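Some notes on the structure that comes next.
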Amino acid sequence: MLDIKFIREHPDLVKEGIRKKGDVDRIDEVLLLDKKRREVIQKTEALKNQRNVVSEEIAKIKKSGQDAIQAISEMNKVKDEIKSLDNELRKIEEEFNNLLLTIPNVPHPSVPEGHKPEDNQAIFSWGKLHPEYIGVNETDFEPKPHWELAEKLDIIDFGTGVKVTGAGFPFYKNRGAKLQRALINFFLDEAHGKGYIEIQPPLMINTASATGTGQLPDKEDLMYVVNRDELYLVPTAEVPLTNLHRDEILSEKDLPVKYCAYTPCFRREAGSYGKNVRGLNRLHQFDKVELVKFVHPGTSYNELEGLRSDAEALLQKLNLPYRVLLMCTGDMGFTQSKKYDLEVWAIGQKCWLEVSSISNFESFQARRINVRFRLAGGKPEFVHTLNGSGLALPRIVAAIIENYQTPEGKVIVPKVLHKYTGFEVIG
């Protein structure tokens, strides 16, 4: 969340950020509650000082052998008033804190303003849309979408997934299952080689963790809930990884702290429909390797570019054509200050598929979960948190199947995966 001091000093800036994100402006309400809260605190402190003075007077009166009934009566009135104000303050602070949690992060000045996908800026692209390693040009045959090839090759079973669980829960089979495992190991090994510490986190989180990273109260409808135990299935490994240092003070010399983790991810994807949800394009359960950083505020935007580079390197090693989008203010999300999306080209569908989001949250998450670092000889400050997919598997698998297909309906396995799969061709 945002620092209330920052909101007090820059209300117009925060309001402008809210407008750019298309969110509800409740800043005046926040400032009104903040003023009321500080007034009650001031009254309470004044009464507590008065109580201390009266207590000293009572002690003097008793010591002198005089009657202290009037002074005691006065002190009891003060105590009752303090108790009443404390109760009022608790209610105000609960409302104030809940309201503060609904205020979105302020976009970085470099983020383009907009609210439609067309407002996102394509800032970089890599690779050929018709890779030479297929051995043919696009005109030699009509590339098929991945769901057709996957069914013929018997590597993904969508129908049985619907029967066993529901739409969006496919079975990976045979070499499709091994391709999944190969990609996970490849992504983790690459992250480890770049200094990320591998973590195997829990697959369920509590309300405090979901609130800390901004899933609550913003994304309740997107998570699967275990009502009986008040737990949520992880929508991404970002949540447990970022909460790893909740209520801790890190050492400045240890920054940046970098983690990677593989988890299945569970998302209800409420409201998702249309042509782009077919096959592996949008699932309720999918595998992903996540990259998370805790960094010094002074270096966080350099670290963001480094995180983006780490994710892009994976796509380049897989030789998948991709582009980088700088996301506009309205397509960026509640918690982010700046966000990039990486999209691969799926030749069978002739469309771009998002495979990674890379975000800087500045101190927004750290303030919610109270993660700070200690400057040498100074007071603790909040770290900046960053995360990115490194990478999300379903659309990577879709892109591999489509971009590496042959006229005979086989799929060539990217060279970098051969040592993980043990085979070079599917089909």
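Lettering and numbering for the structure tokens are positional, with chains as A, B, ... in the shown order, residues counted from 1 in each chain, and ligands counted from 1 in the shown order.
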
Show me a table, sorted first by chain and then by increasing residue number, of the residues of segment 225-294 of chain A having an atom at most 10 Å from segment 146-157 of chain A, each with its shortest atom pair and the distance in Å to one decimal, counting only C-alpha atoms and written as a tab-separated table.
residue	atom	partner	partner_atom	distance
A:Arg278	CA	A:Trp147	CA	8.0
A:Gly279	CA	A:Trp147	CA	5.3
A:Leu280	CA	A:Trp147	CA	7.6
A:Asn281	CA	A:His146	CA	9.7

With only C-alpha atoms counted and 7 Å as the cut-off, give the residues of segment 323-395 of chain A in contact with segment 109-132 of chain A, each with its shortest interatomic distance in Å and the pair that gives it, as a Markdown table.
| residue | atom | partner | partner_atom | distance |
| --- | --- | --- | --- | --- |
| A:Arg323 | CA | A:Ser125 | CA | 4.0 |
| A:Val324 | CA | A:Phe124 | CA | 5.1 |
| A:Leu325 | CA | A:Ala122 | CA | 4.4 |
| A:Leu326 | CA | A:Gln121 | CA | 5.1 |
| A:Met327 | CA | A:Asn120 | CA | 4.7 |
| A:Cys328 | CA | A:Pro112 | CA | 4.8 |
| A:Thr329 | CA | A:Glu113 | CA | 5.1 |
| A:Gly330 | CA | A:His115 | CA | 4.2 |
| A:Asp331 | CA | A:His115 | CA | 5.9 |
| A:Lys338 | CA | A:Val111 | CA | 6.4 |
| A:Trp345 | CA | A:Leu129 | CA | 6.8 |

Check your understanding: With only C-alpha atoms as the atoms that count, which of A:Glu248, A:Gly348, A:Ile18, A:Asn276 lies nearest to Asn370 of chain A?
Key ->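 Answer, going by the shortest atom-to-atom distance: A:Glu248.
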
Determine, counting only C-alpha atoms, which protein, DNA and RNA residues have an atom within 9 Å of an atom of segment 419-423 of chain A; residues of the same chain fewer than 3 positions away are not included. Present the result as a PDB file with N, CA and C atoms, in the first residue's frame.
ATOM      1  N   ARG A 175       5.147 -37.961 -24.298  1.00  0.00           N
ATOM      2  CA  ARG A 175       6.218 -36.982 -24.474  1.00  0.00           C
ATOM      3  C   ARG A 175       5.763 -35.560 -24.156  1.00  0.00           C
ATOM      4  N   LYS A 178       6.693 -35.251 -20.518  1.00  0.00           N
ATOM      5  CA  LYS A 178       8.142 -35.116 -20.349  1.00  0.00           C
ATOM      6  C   LYS A 178       8.624 -33.748 -20.831  1.00  0.00           C
ATOM      7  N   LEU A 179       7.975 -33.205 -21.851  1.00  0.00           N
ATOM      8  CA  LEU A 179       8.317 -31.859 -22.309  1.00  0.00           C
ATOM      9  C   LEU A 179       8.049 -30.840 -21.209  1.00  0.00           C
ATOM     10  N   ARG A 181       8.105 -31.400 -17.955  1.00  0.00           N
ATOM     11  CA  ARG A 181       9.128 -31.579 -16.923  1.00  0.00           C
ATOM     12  C   ARG A 181      10.469 -31.013 -17.392  1.00  0.00           C
ATOM     13  N   ALA A 182      10.777 -31.179 -18.674  1.00  0.00           N
ATOM     14  CA  ALA A 182      12.030 -30.652 -19.224  1.00  0.00           C
ATOM     15  C   ALA A 182      12.063 -29.127 -19.132  1.00  0.00           C
ATOM     16  N   LEU A 183      10.959 -28.487 -19.465  1.00  0.00           N
ATOM     17  CA  LEU A 183      10.909 -27.030 -19.413  1.00  0.00           C
ATOM     18  C   LEU A 183      11.067 -26.517 -17.986  1.00  0.00           C
ATOM     19  N   ASN A 185      12.638 -27.962 -15.472  1.00  0.00           N
ATOM     20  CA  ASN A 185      14.031 -28.126 -15.051  1.00  0.00           C
ATOM     21  C   ASN A 185      14.952 -27.132 -15.763  1.00  0.00           C
ATOM     22  N   PHE A 186      14.694 -26.891 -17.028  1.00  0.00           N
ATOM     23  CA  PHE A 186      15.494 -25.921 -17.788  1.00  0.00           C
ATOM     24  C   PHE A 186      15.356 -24.524 -17.186  1.00  0.00           C
ATOM     25  N   VAL A 413      11.925 -30.845 -31.062  1.00  0.00           N
ATOM     26  CA  VAL A 413      12.185 -30.331 -29.718  1.00  0.00           C
ATOM     27  C   VAL A 413      13.334 -29.325 -29.790  1.00  0.00           C
ATOM     28  N   LYS A 415      16.695 -27.447 -29.298  1.00  0.00           N
ATOM     29  CA  LYS A 415      17.978 -28.080 -28.973  1.00  0.00           C
ATOM     30  C   LYS A 415      18.342 -27.961 -27.500  1.00  0.00           C
ATOM     31  N   VAL A 416      18.015 -26.820 -26.893  1.00  0.00           N
ATOM     32  CA  VAL A 416      18.413 -26.586 -25.507  1.00  0.00           C
ATOM     33  C   VAL A 416      17.716 -27.550 -24.551  1.00  0.00           C
ATOM     34  N   ILE A 426       8.954 -35.135 -31.372  1.00  0.00           N
ATOM     35  CA  ILE A 426       7.706 -35.704 -30.877  1.00  0.00           C
ATOM     36  C   ILE A 426       6.892 -36.102 -32.097  1.00  0.00           C
TER      37      ILE A 426
END

Review point. Can you tell me, as a PyMOL selection string, what residues are no more than 9 Å from Phe171 of chain A when counting only C-alpha atoms, ignoring any on the same chain fewer than 2 positions away?
Key: chain A and resi 155-161+169+173+177

Point to revise | Nearest to Leu100 of chain A by atom-to-atom distance, counting only C-alpha atoms, from A:Arg26, A:Lys379, A:Lys350, A:Lys288 | key: A:Arg26

Practice item. Step one, run DSSP on the backbone; step two, keep only residues of segment 78-275 of chain A assigned to strand (DSSP E); then write them as JSON, numbers by chain. Key: {"A": [121, 122, 123, 124, 125, 126, 156, 157, 171, 172, 197, 198, 199, 204, 205, 206, 225, 226, 231, 232, 233, 249, 250, 251, 257, 258, 259, 260, 261, 262, 263, 264, 265, 266]}

Practice item. Please identify which residues in segment 288-370 of chain A DSSP calls alpha helix (DSSP H) from the backbone, and express them as a list in words. Key: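 DSSP-assigned alpha helix (DSSP H) residues in segment 288-370 of chain A: Ser300, Tyr301, Asn302, Glu303, Leu304, Glu305, Gly306, Leu307, Arg308, Ser309, Asp310, Ala311, Glu312, Ala313, Leu314, Leu315, Gln316, Lys317, Phe364, Gln365, Ala366, Arg367, Arg368 and Ile369 of chain A.
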
Point to revise | Contact residues around segment 82-99 of chain A with only C-alpha atoms at 8 Å, ignoring same-chain residues under 4 positions, as a list in words | key: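 These residues fall inside the cut-off: Val30, Leu33, Asp34, Lys36, Arg37, Val40, Ile41, Thr44, Leu47, Lys48, Val78 and Ile103 of chain A.
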
Check your understanding: Looking at only C-alpha atoms, which of A:Gly390, A:Pro264, A:Gly298, A:Gly212 is the one that sits closest to Ala366 of chain A?
Key ->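 Of the candidates, the smallest distance to Ala366 of chain A is held by A:Gly212.
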
Point to revise | 8 Å contact set for Leu255 of chain A, only C-alpha atoms, chain neighbours under 3 positions out, as number ranges by chain | key: A: 250-252, 294-296

Point to revise | Shell around segment 224-232 of chain A at 10 Å using only C-alpha atoms, local window under 5 positions removed, as a PyMOL selection string | key: chain A and resi 203-210+266-269+284
